[in-house]
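Below is protein.cif, which holds mmCIF, C-alpha atoms.
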```cif
data_my_file
#
loop_
_atom_site.group_PDB
_atom_site.id
_atom_site.type_symbol
_atom_site.label_atom_id
_atom_site.label_comp_id
_atom_site.auth_asym_id
_atom_site.auth_seq_id
_atom_site.Cartn_x
_atom_site.Cartn_y
_atom_site.Cartn_z
ATOM 1 C CA MET A 1 -44.166 -0.480 -10.057
ATOM 2 C CA ASN A 2 -40.812 -1.078 -8.481
ATOM 3 C CA PRO A 3 -38.671 2.050 -8.141
ATOM 4 C CA ALA A 4 -35.608 -0.081 -7.431
ATOM 5 C CA ALA A 5 -35.936 -1.737 -10.837
ATOM 6 C CA THR A 6 -35.783 1.601 -12.606
ATOM 7 C CA ALA A 7 -32.782 2.596 -10.549
ATOM 8 C CA VAL A 8 -30.911 -0.557 -11.582
ATOM 9 C CA THR A 9 -31.144 0.016 -15.336
ATOM 10 C CA ALA A 10 -28.140 2.057 -16.341
ATOM 11 C CA SER A 11 -27.985 4.402 -19.294
ATOM 12 C CA GLY A 12 -26.031 3.395 -22.381
ATOM 13 C CA GLY A 13 -23.242 5.904 -21.848
ATOM 14 C CA GLU A 14 -22.753 4.788 -18.283
ATOM 15 C CA GLN A 15 -22.437 1.184 -19.423
ATOM 16 C CA VAL A 16 -19.884 2.055 -22.075
ATOM 17 C CA VAL A 17 -17.804 4.010 -19.553
ATOM 18 C CA PHE A 18 -17.974 1.188 -17.021
ATOM 19 C CA TRP A 19 -16.962 -1.554 -19.455
ATOM 20 C CA LEU A 20 -14.148 0.574 -20.880
ATOM 21 C CA LEU A 21 -12.751 1.406 -17.444
ATOM 22 C CA ALA A 22 -13.234 -2.108 -16.094
ATOM 23 C CA SER A 23 -11.472 -3.745 -19.039
ATOM 24 C CA LEU A 24 -8.631 -1.207 -18.840
ATOM 25 C CA THR A 25 -8.276 -1.828 -15.099
ATOM 26 C CA VAL A 26 -8.105 -5.587 -15.519
ATOM 27 C CA PHE A 27 -5.730 -5.234 -18.466
ATOM 28 C CA PHE A 28 -3.301 -3.025 -16.535
ATOM 29 C CA ALA A 29 -3.560 -5.203 -13.432
ATOM 30 C CA GLY A 30 -2.748 -8.301 -15.465
ATOM 31 C CA LEU A 31 0.167 -6.453 -17.066
ATOM 32 C CA THR A 32 1.429 -5.503 -13.601
ATOM 33 C CA MET A 33 1.510 -9.074 -12.418
ATOM 34 C CA THR A 34 2.986 -10.639 -15.556
ATOM 35 C CA ARG A 35 5.738 -8.265 -16.684
ATOM 36 C CA ARG A 36 9.297 -9.251 -16.030
ATOM 37 C CA ASN A 37 10.658 -5.699 -15.926
ATOM 38 C CA PRO A 38 9.751 -4.015 -12.585
ATOM 39 C CA VAL A 39 9.581 -0.540 -14.185
ATOM 40 C CA THR A 40 6.911 -1.732 -16.627
ATOM 41 C CA ALA A 41 5.047 -3.334 -13.730
ATOM 42 C CA VAL A 42 5.083 -0.085 -11.725
ATOM 43 C CA MET A 43 3.876 1.943 -14.707
ATOM 44 C CA SER A 44 1.049 -0.530 -15.338
ATOM 45 C CA LEU A 45 0.114 -0.278 -11.671
ATOM 46 C CA VAL A 46 -0.094 3.509 -12.051
ATOM 47 C CA GLY A 47 -2.451 2.944 -14.995
ATOM 48 C CA THR A 48 -4.543 0.597 -12.868
ATOM 49 C CA PHE A 49 -4.825 3.210 -10.150
ATOM 50 C CA PHE A 50 -5.863 5.943 -12.588
ATOM 51 C CA CYS A 51 -8.585 3.727 -14.061
ATOM 52 C CA LEU A 52 -9.715 2.801 -10.551
ATOM 53 C CA ALA A 53 -9.915 6.481 -9.655
ATOM 54 C CA ALA A 54 -12.192 7.026 -12.643
ATOM 55 C CA ILE A 55 -14.360 4.092 -11.512
ATOM 56 C CA TYR A 56 -14.542 5.625 -8.033
ATOM 57 C CA ALA A 57 -15.737 8.843 -9.650
ATOM 58 C CA THR A 58 -18.543 6.948 -11.415
ATOM 59 C CA LEU A 59 -19.521 5.616 -7.975
ATOM 60 C CA SER A 60 -19.987 9.231 -6.748
ATOM 61 C CA ALA A 61 -16.881 8.880 -4.583
ATOM 62 C CA HIS A 62 -15.233 12.113 -5.702
ATOM 63 C CA PHE A 63 -13.045 12.603 -2.656
ATOM 64 C CA LEU A 64 -11.779 9.017 -2.800
ATOM 65 C CA ALA A 65 -11.038 9.400 -6.537
ATOM 66 C CA ILE A 66 -8.849 12.424 -5.839
ATOM 67 C CA LEU A 67 -7.228 10.611 -2.928
ATOM 68 C CA GLN A 68 -6.525 7.584 -5.100
ATOM 69 C CA VAL A 69 -4.638 9.732 -7.609
ATOM 70 C CA LEU A 70 -2.824 11.777 -4.961
ATOM 71 C CA VAL A 71 -1.813 9.039 -2.534
ATOM 72 C CA TYR A 72 -1.628 5.898 -4.653
ATOM 73 C CA ALA A 73 -0.606 7.085 -8.098
ATOM 74 C CA GLY A 74 1.416 9.906 -6.556
ATOM 75 C CA ALA A 75 3.066 9.039 -3.280
ATOM 76 C CA ILE A 76 3.104 5.250 -3.065
ATOM 77 C CA MET A 77 4.124 4.717 -6.670
ATOM 78 C CA VAL A 78 6.981 7.207 -6.334
ATOM 79 C CA LEU A 79 8.179 5.124 -3.387
ATOM 80 C CA PHE A 80 8.003 2.006 -5.545
ATOM 81 C CA ILE A 81 9.866 3.717 -8.380
ATOM 82 C CA PHE A 82 12.636 4.750 -5.998
ATOM 83 C CA VAL A 83 13.070 1.212 -4.726
ATOM 84 C CA VAL A 84 13.008 -0.172 -8.275
ATOM 85 C CA MET A 85 15.754 2.268 -9.213
ATOM 86 C CA ILE A 86 17.816 1.232 -6.181
ATOM 87 C CA LEU A 87 17.494 -2.501 -6.740
ATOM 88 C CA ASN A 88 17.073 -3.070 -10.440
ATOM 89 C CA ARG A 89 17.866 -6.746 -10.777
ATOM 90 C CA GLU A 90 17.231 -9.047 -13.684
ATOM 91 C CA GLU A 91 15.117 -12.007 -12.748
ATOM 92 C CA VAL A 92 16.177 -15.469 -13.800
ATOM 93 C CA SER A 93 12.797 -17.165 -13.371
ATOM 94 C CA PRO A 94 10.086 -14.704 -12.367
ATOM 95 C CA VAL A 95 7.281 -17.181 -11.715
ATOM 96 C CA SER A 96 7.418 -19.987 -9.188
ATOM 97 C CA TRP A 97 5.238 -22.924 -10.228
ATOM 98 C CA ARG A 98 4.831 -24.660 -6.903
ATOM 99 C CA PRO A 99 1.849 -27.025 -6.677
ATOM 100 C CA THR A 100 0.429 -25.535 -3.480
ATOM 101 C CA ARG A 101 0.470 -22.028 -4.983
ATOM 102 C CA LEU A 102 -1.182 -23.270 -8.167
ATOM 103 C CA VAL A 103 -3.893 -24.878 -6.043
ATOM 104 C CA GLY A 104 -4.406 -21.547 -4.283
ATOM 105 C CA VAL A 105 -4.806 -19.670 -7.565
ATOM 106 C CA ALA A 106 -7.117 -22.371 -8.996
ATOM 107 C CA GLY A 107 -9.244 -22.161 -5.848
ATOM 108 C CA GLY A 108 -9.450 -18.404 -6.303
ATOM 109 C CA VAL A 109 -10.633 -18.758 -9.900
ATOM 110 C CA TYR A 110 -13.250 -21.317 -8.825
ATOM 111 C CA LEU A 111 -14.452 -18.878 -6.158
ATOM 112 C CA LEU A 112 -14.673 -16.134 -8.810
ATOM 113 C CA VAL A 113 -16.877 -18.311 -11.032
ATOM 114 C CA LYS A 114 -19.137 -19.154 -8.106
ATOM 115 C CA PHE A 115 -19.215 -15.499 -7.079
ATOM 116 C CA CYS A 116 -20.292 -14.418 -10.563
ATOM 117 C CA GLN A 117 -23.111 -16.964 -10.391
ATOM 118 C CA VAL A 118 -24.495 -15.798 -7.063
ATOM 119 C CA SER A 119 -23.553 -12.111 -7.036
ATOM 120 C CA ASP A 120 -26.839 -10.853 -8.545
ATOM 121 C CA LEU A 121 -28.887 -12.489 -5.813
ATOM 122 C CA GLY A 122 -30.129 -10.427 -2.910
ATOM 123 C CA LEU A 123 -28.016 -7.354 -3.541
ATOM 124 C CA PRO A 124 -29.643 -4.025 -2.757
ATOM 125 C CA ALA A 125 -30.301 -1.838 -5.776
ATOM 126 C CA PRO A 126 -28.525 1.534 -5.741
ATOM 127 C CA VAL A 127 -30.642 4.038 -3.864
ATOM 128 C CA ALA A 128 -31.076 7.713 -4.627
ATOM 129 C CA ILE A 129 -28.310 9.805 -3.083
ATOM 130 C CA PRO A 130 -28.039 13.493 -2.217
ATOM 131 C CA ASP A 131 -25.831 15.836 -4.204
ATOM 132 C CA THR A 132 -23.266 16.063 -1.422
ATOM 133 C CA PHE A 133 -22.643 12.305 -1.421
ATOM 134 C CA GLY A 134 -18.916 11.571 -1.449
ATOM 135 C CA THR A 135 -17.746 15.175 -1.342
ATOM 136 C CA VAL A 136 -14.917 16.342 0.878
ATOM 137 C CA GLY A 137 -17.318 18.177 3.172
ATOM 138 C CA SER A 138 -19.625 15.294 3.952
ATOM 139 C CA ILE A 139 -16.810 12.752 4.323
ATOM 140 C CA GLY A 140 -14.834 15.089 6.548
ATOM 141 C CA ASP A 141 -17.931 15.675 8.634
ATOM 142 C CA MET A 142 -18.400 11.957 9.162
ATOM 143 C CA LEU A 143 -14.678 11.351 9.663
ATOM 144 C CA PHE A 144 -14.300 13.914 12.431
ATOM 145 C CA ARG A 145 -17.630 13.212 14.160
ATOM 146 C CA ASP A 146 -18.221 9.477 14.068
ATOM 147 C CA PHE A 147 -14.766 8.153 13.206
ATOM 148 C CA LEU A 148 -12.470 10.385 15.204
ATOM 149 C CA TYR A 149 -10.814 7.546 17.138
ATOM 150 C CA PRO A 150 -10.115 5.425 14.025
ATOM 151 C CA PHE A 151 -8.703 8.550 12.397
ATOM 152 C CA GLU A 152 -6.347 9.170 15.311
ATOM 153 C CA ALA A 153 -5.427 5.489 15.389
ATOM 154 C CA ILE A 154 -4.509 5.562 11.699
ATOM 155 C CA SER A 155 -2.381 8.664 12.256
ATOM 156 C CA LEU A 156 -0.586 6.783 15.030
ATOM 157 C CA LEU A 157 -0.129 3.860 12.645
ATOM 158 C CA LEU A 158 1.431 6.186 10.073
ATOM 159 C CA LEU A 159 3.809 7.545 12.705
ATOM 160 C CA VAL A 160 4.832 3.997 13.665
ATOM 161 C CA ALA A 161 5.296 3.157 9.985
ATOM 162 C CA ILE A 162 7.562 6.189 9.501
ATOM 163 C CA VAL A 163 9.704 5.240 12.483
ATOM 164 C CA GLY A 164 9.746 1.596 11.407
ATOM 165 C CA GLY A 165 10.715 2.496 7.862
ATOM 166 C CA VAL A 166 13.569 4.693 9.036
ATOM 167 C CA ILE A 167 14.857 2.050 11.444
ATOM 168 C CA LEU A 168 14.557 -0.815 8.946
ATOM 169 C CA SER A 169 16.227 0.957 6.042
ATOM 170 C CA ARG A 170 18.934 2.540 8.177
ATOM 171 C CA SER A 171 22.380 1.543 7.090
ATOM 172 C CA HIS A 172 24.090 -0.665 9.632
ATOM 173 C CA ARG A 173 27.426 0.526 8.330
ATOM 174 C CA LYS A 174 26.692 4.088 9.424
ATOM 175 C CA GLU A 175 25.785 2.840 12.875
ATOM 176 C CA VAL A 176 29.124 1.076 13.182
ATOM 177 C CA ASP A 177 30.891 4.210 11.981
ATOM 178 C CA ALA A 178 29.034 6.299 14.554
ATOM 179 C CA GLU A 179 30.033 3.904 17.324
ATOM 180 C CA LEU A 180 33.650 4.029 16.217
ATOM 181 C CA ALA A 181 33.553 7.830 16.130
ATOM 182 C CA ALA A 182 32.035 7.942 19.628
ATOM 183 C CA ALA A 183 34.752 5.639 20.936
ATOM 184 C CA ALA A 184 37.430 7.873 19.354
ATOM 185 C CA ARG A 185 35.874 10.985 20.942
ATOM 186 C CA LYS A 186 35.774 9.281 24.333
ATOM 187 C CA GLU A 187 39.412 8.316 23.995
ATOM 188 C CA VAL A 188 40.396 11.917 23.193
ATOM 189 C CA HIS A 189 38.345 13.129 26.142
ATOM 190 C CA ASP A 190 39.960 10.598 28.497
ATOM 191 C CA ARG A 191 43.382 11.590 27.318
ATOM 192 C CA GLN A 192 42.607 15.283 27.949
ATOM 193 C CA LEU A 193 41.324 14.376 31.387
ATOM 194 C CA HIS A 194 44.549 12.521 32.041
ATOM 195 C CA ASP A 195 46.918 15.222 30.718
ATOM 196 C CA TYR A 196 45.122 18.419 31.817
ATOM 197 C CA PRO A 197 42.705 17.454 34.589
ATOM 198 C CA ALA A 198 42.075 21.013 35.822
ATOM 199 C CA THR A 199 40.999 22.572 32.500
ATOM 200 C CA VAL A 200 38.695 19.720 31.593
ATOM 201 C CA ASP A 201 37.082 19.734 35.011
ATOM 202 C CA GLU A 202 36.509 23.459 34.681
ATOM 203 C CA ALA A 203 34.943 22.993 31.248
ATOM 204 C CA ASP A 204 32.692 20.239 32.577
ATOM 205 C CA ALA A 205 31.722 22.239 35.627
ATOM 206 C CA LEU A 206 30.627 25.306 33.655
ATOM 207 C CA PRO A 207 27.182 24.084 32.616
ATOM 208 C CA ALA A 208 26.496 22.823 36.150
ATOM 209 C CA SER A 209 27.279 26.215 37.724
ATOM 210 C CA GLY A 210 25.268 27.923 35.011
ATOM 211 C CA GLY A 211 22.334 25.728 35.887
ATOM 212 C CA GLY A 212 22.677 26.621 39.563
ATOM 213 C CA HIS A 213 21.668 30.216 38.933
ATOM 214 C CA HIS A 214 18.226 29.259 37.695
ATOM 215 C CA MET B 1 -24.535 0.167 -13.162
ATOM 216 C CA PRO B 2 -25.818 -2.551 -10.839
ATOM 217 C CA THR B 3 -23.693 -3.217 -7.798
ATOM 218 C CA ASN B 4 -22.753 -6.777 -8.718
ATOM 219 C CA TYR B 5 -20.691 -5.652 -11.735
ATOM 220 C CA TYR B 6 -18.496 -3.587 -9.445
ATOM 221 C CA LEU B 7 -18.246 -6.481 -7.012
ATOM 222 C CA VAL B 8 -17.152 -8.903 -9.724
ATOM 223 C CA LEU B 9 -14.569 -6.349 -10.896
ATOM 224 C CA SER B 10 -13.262 -5.981 -7.355
ATOM 225 C CA PHE B 11 -13.097 -9.787 -7.055
ATOM 226 C CA ILE B 12 -11.116 -9.995 -10.302
ATOM 227 C CA LEU B 13 -8.693 -7.319 -9.064
ATOM 228 C CA PHE B 14 -8.235 -9.131 -5.767
ATOM 229 C CA LEU B 15 -7.698 -12.402 -7.630
ATOM 230 C CA ILE B 16 -5.047 -10.911 -9.932
ATOM 231 C CA GLY B 17 -3.296 -9.504 -6.872
ATOM 232 C CA THR B 18 -3.486 -12.853 -5.085
ATOM 233 C CA GLY B 19 -2.096 -14.633 -8.133
ATOM 234 C CA GLY B 20 0.828 -12.211 -8.198
ATOM 235 C CA VAL B 21 1.471 -12.612 -4.470
ATOM 236 C CA LEU B 22 1.407 -16.393 -4.714
ATOM 237 C CA MET B 23 3.265 -16.988 -7.958
ATOM 238 C CA ARG B 24 5.819 -14.228 -8.439
ATOM 239 C CA ARG B 25 9.307 -14.444 -6.995
ATOM 240 C CA ASN B 26 10.259 -10.756 -7.107
ATOM 241 C CA THR B 27 9.407 -9.185 -3.747
ATOM 242 C CA LEU B 28 8.597 -5.843 -5.413
ATOM 243 C CA ILE B 29 5.946 -7.461 -7.587
ATOM 244 C CA VAL B 30 4.556 -9.249 -4.542
ATOM 245 C CA LEU B 31 4.174 -5.888 -2.782
ATOM 246 C CA MET B 32 2.392 -4.546 -5.865
ATOM 247 C CA GLY B 33 0.071 -7.556 -5.698
ATOM 248 C CA ILE B 34 -0.779 -6.631 -2.114
ATOM 249 C CA GLU B 35 -1.610 -3.104 -3.299
ATOM 250 C CA LEU B 36 -3.917 -4.580 -5.939
ATOM 251 C CA GLN B 37 -5.644 -6.679 -3.284
ATOM 252 C CA LEU B 38 -6.213 -3.623 -1.108
ATOM 253 C CA ASN B 39 -7.623 -1.751 -4.089
ATOM 254 C CA GLY B 40 -10.015 -4.582 -4.833
ATOM 255 C CA GLY B 41 -11.243 -4.355 -1.265
ATOM 256 C CA ASN B 42 -11.606 -0.591 -1.602
ATOM 257 C CA LEU B 43 -13.673 -0.939 -4.756
ATOM 258 C CA ALA B 44 -16.083 -3.356 -3.049
ATOM 259 C CA MET B 45 -16.310 -0.953 -0.110
ATOM 260 C CA LEU B 46 -17.221 1.970 -2.363
ATOM 261 C CA ALA B 47 -19.656 -0.091 -4.454
ATOM 262 C CA PHE B 48 -21.591 -1.104 -1.341
ATOM 263 C CA SER B 49 -21.377 2.456 -0.069
ATOM 264 C CA ARG B 50 -23.002 3.700 -3.268
ATOM 265 C CA ALA B 51 -25.607 0.921 -3.239
ATOM 266 C CA LEU B 52 -26.680 1.621 0.341
ATOM 267 C CA GLY B 53 -26.336 5.411 0.117
ATOM 268 C CA ASP B 54 -24.139 5.328 3.209
ATOM 269 C CA GLU B 55 -20.852 7.202 3.395
ATOM 270 C CA LYS B 56 -19.264 4.974 6.044
ATOM 271 C CA GLY B 57 -17.707 2.932 3.249
ATOM 272 C CA HIS B 58 -15.885 6.029 2.030
ATOM 273 C CA VAL B 59 -14.372 6.543 5.475
ATOM 274 C CA PHE B 60 -13.243 2.917 5.559
ATOM 275 C CA ALA B 61 -11.716 3.260 2.095
ATOM 276 C CA PHE B 62 -9.900 6.388 3.286
ATOM 277 C CA LEU B 63 -8.474 4.473 6.248
ATOM 278 C CA ILE B 64 -7.468 1.594 3.965
ATOM 279 C CA ILE B 65 -5.557 3.999 1.702
ATOM 280 C CA ALA B 66 -3.641 5.310 4.729
ATOM 281 C CA LEU B 67 -2.989 1.712 5.787
ATOM 282 C CA ALA B 68 -1.690 0.895 2.307
ATOM 283 C CA ALA B 69 0.716 3.826 2.496
ATOM 284 C CA ALA B 70 2.058 2.569 5.833
ATOM 285 C CA GLU B 71 2.298 -0.974 4.507
ATOM 286 C CA ALA B 72 4.181 0.126 1.395
ATOM 287 C CA ALA B 73 6.647 2.185 3.446
ATOM 288 C CA VAL B 74 7.459 -0.633 5.864
ATOM 289 C CA GLY B 75 7.418 -3.336 3.186
ATOM 290 C CA LEU B 76 9.802 -1.455 0.930
ATOM 291 C CA ALA B 77 12.078 -0.702 3.895
ATOM 292 C CA ILE B 78 12.177 -4.428 4.679
ATOM 293 C CA LEU B 79 12.923 -5.085 1.013
ATOM 294 C CA VAL B 80 15.827 -2.640 1.037
ATOM 295 C CA GLY B 81 17.119 -4.288 4.216
ATOM 296 C CA LEU B 82 16.825 -7.710 2.602
ATOM 297 C CA PHE B 83 18.706 -6.528 -0.455
ATOM 298 C CA ARG B 84 21.419 -4.977 1.679
ATOM 299 C CA GLY B 85 21.881 -8.147 3.683
ATOM 300 C CA ARG B 86 21.584 -10.817 1.000
ATOM 301 C CA GLN B 87 21.996 -9.028 -2.356
ATOM 302 C CA THR B 88 18.731 -10.434 -3.670
ATOM 303 C CA VAL B 89 15.064 -9.530 -4.025
ATOM 304 C CA ASN B 90 14.068 -13.118 -4.741
ATOM 305 C CA LEU B 91 11.583 -14.409 -2.189
ATOM 306 C CA ASP B 92 12.770 -18.002 -2.539
ATOM 307 C CA GLU B 93 16.240 -16.955 -1.398
ATOM 308 C CA ALA B 94 14.993 -15.128 1.690
ATOM 309 C CA THR B 95 15.214 -18.167 3.942
ATOM 310 C CA LEU B 96 16.845 -16.697 7.037
ATOM 311 C CA MET B 97 13.917 -17.596 9.326
ATOM 312 C CA LYS B 98 13.197 -20.981 7.735
ATOM 313 C CA ARG B 99 16.215 -22.850 9.053
#
```

Can the structure from this file be put into structure tokens for me?
Amino acid sequence: MNPAATAVTASGGEQVVFWLLASLTVFFAGLTMTRRNPVTAVMSLVGTFFCLAAIYATLSAHFLAILQVLVYAGAIMVLFIFVVMILNREEVSPVSWRPTRLVGVAGGVYLLVKFCQVSDLGLPAPVAIPDTFGTVGSIGDMLFRDFLYPFEAISLLLLVAIVGGVILSRSHRKEVDAELAAAARKEVHDRQLHDYPATVDEADALPASGGGHH
Amino acid sequence: MPTNYYLVLSFILFLIGTGGVLMRRNTLIVLMGIELQLNGGNLAMLAFSRALGDEKGHVFAFLIIALAAAEAAVGLAILVGLFRGRQTVNLDEATLMKR
């Protein structure tokens, strides 16, 4: 009597759901990578993420399923859509057939075949899990007890990404304009200093005297 | 379902993403391929987490999702910068650092 063997056999409904979701996921992923129109590709990617969220839910990962919909299908895909709308360009030849890249893809397919052959060897059978497995409470508990430093590190990474994104996508033209405006202001200031030295000195000295009281 | 089905599915997702990254010329599609690769990794993480009854995999998947958000933000900002500088999103024309 092997309890693991009974745990492995899945019910018929579970199998139907898995095969449906898996085929839909692969279909949408293939559509994403083969479509010429970027908008179609983004929409297929959203479909992929929704199907993946459903698969996560079948794996008892409820919190991650919600997160997948919120962050991936929500936030990241909106970002993609914005960029697609900004730079909607027609592609002349979407696929590059370079030999080295083809070799890379062929090697990946060979690895997949080998992986399918060996993947049922030595894998642990799914064990029984408590009811709270994958809920927000239990994951949050683990996240803020055992993984506090990685959590803080990832928040730092997000901060760096925000700053990097702002700096990278900042318009250089605006920067030049700002420099020109600063130079113009300085010129006006210098001219005031030259024409009316007393008033400008008084205006400059005001904050200093105000600070002296404190 | 047995764990190996989920693992093969995650491998297929990663492979589709890798194919897109290697073979497509549009930088946007390449970034989407990277997202697919990360999702394949996430699926394997959650499948093992379910198989072992250990929630550490969920935490890792959570961190990977945050990482993917950061990666998408910076990658798309670089893409916008590339488009502003060279008027193209074609990877084969982005040769500034190859000369």

Just need the box for segment 8-18 of chain B, edges along x, y and z, holding every atom the file lists for it with 4 Å tacked onto each side, so centre and edge lengths in Å to one decimal, as lines of an AutoDock Vina configuration file.
```
center_x = -10.2
center_y = -9.4
center_z = -8.0
size_x = 21.9
size_y = 14.9
size_z = 13.8
```

Discussion item. Distance limit 7 Å, atoms considered: all atoms listed in the file. Which chain A residues sit that close to chain B? Return them as a ChimeraX atom specification.
Written reply: /A:8-10,15,22,26,29-30,33,59,64,76,94-97,101,105,108,112,116,119-120,124-127,129,134,139,143,154,158,161,164-165,168-169

Worksheet item: atom CA of Thr135 of chain A and atom CA of Ser60 of chain A, how far apart in Å?
Response: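 Atom-to-atom, atom CA of Ser60 of chain A to atom CA of Thr135 of chain A, that is 8.3 Å.
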
Worksheet item: Do you have the atom CA of Val71 of chain A-atom CA of Met85 of chain A distance handy?
Response: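 Spanning atom CA of Val71 of chain A to atom CA of Met85 of chain A is a straight-line distance of 20.0 Å.
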
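For the pair atom CA of Ile86 of chain A and atom CA of Val166 of chain A, the interatomic distance is 16.2 Å.
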
Practice prompt. Name the residues that the PyMOL selection byres ((chain A and resi 28) around 8) pulls out of this structure, and write them as a ChimeraX atom specification.
Written response: /A:24-27,29-32,44-45,47-48
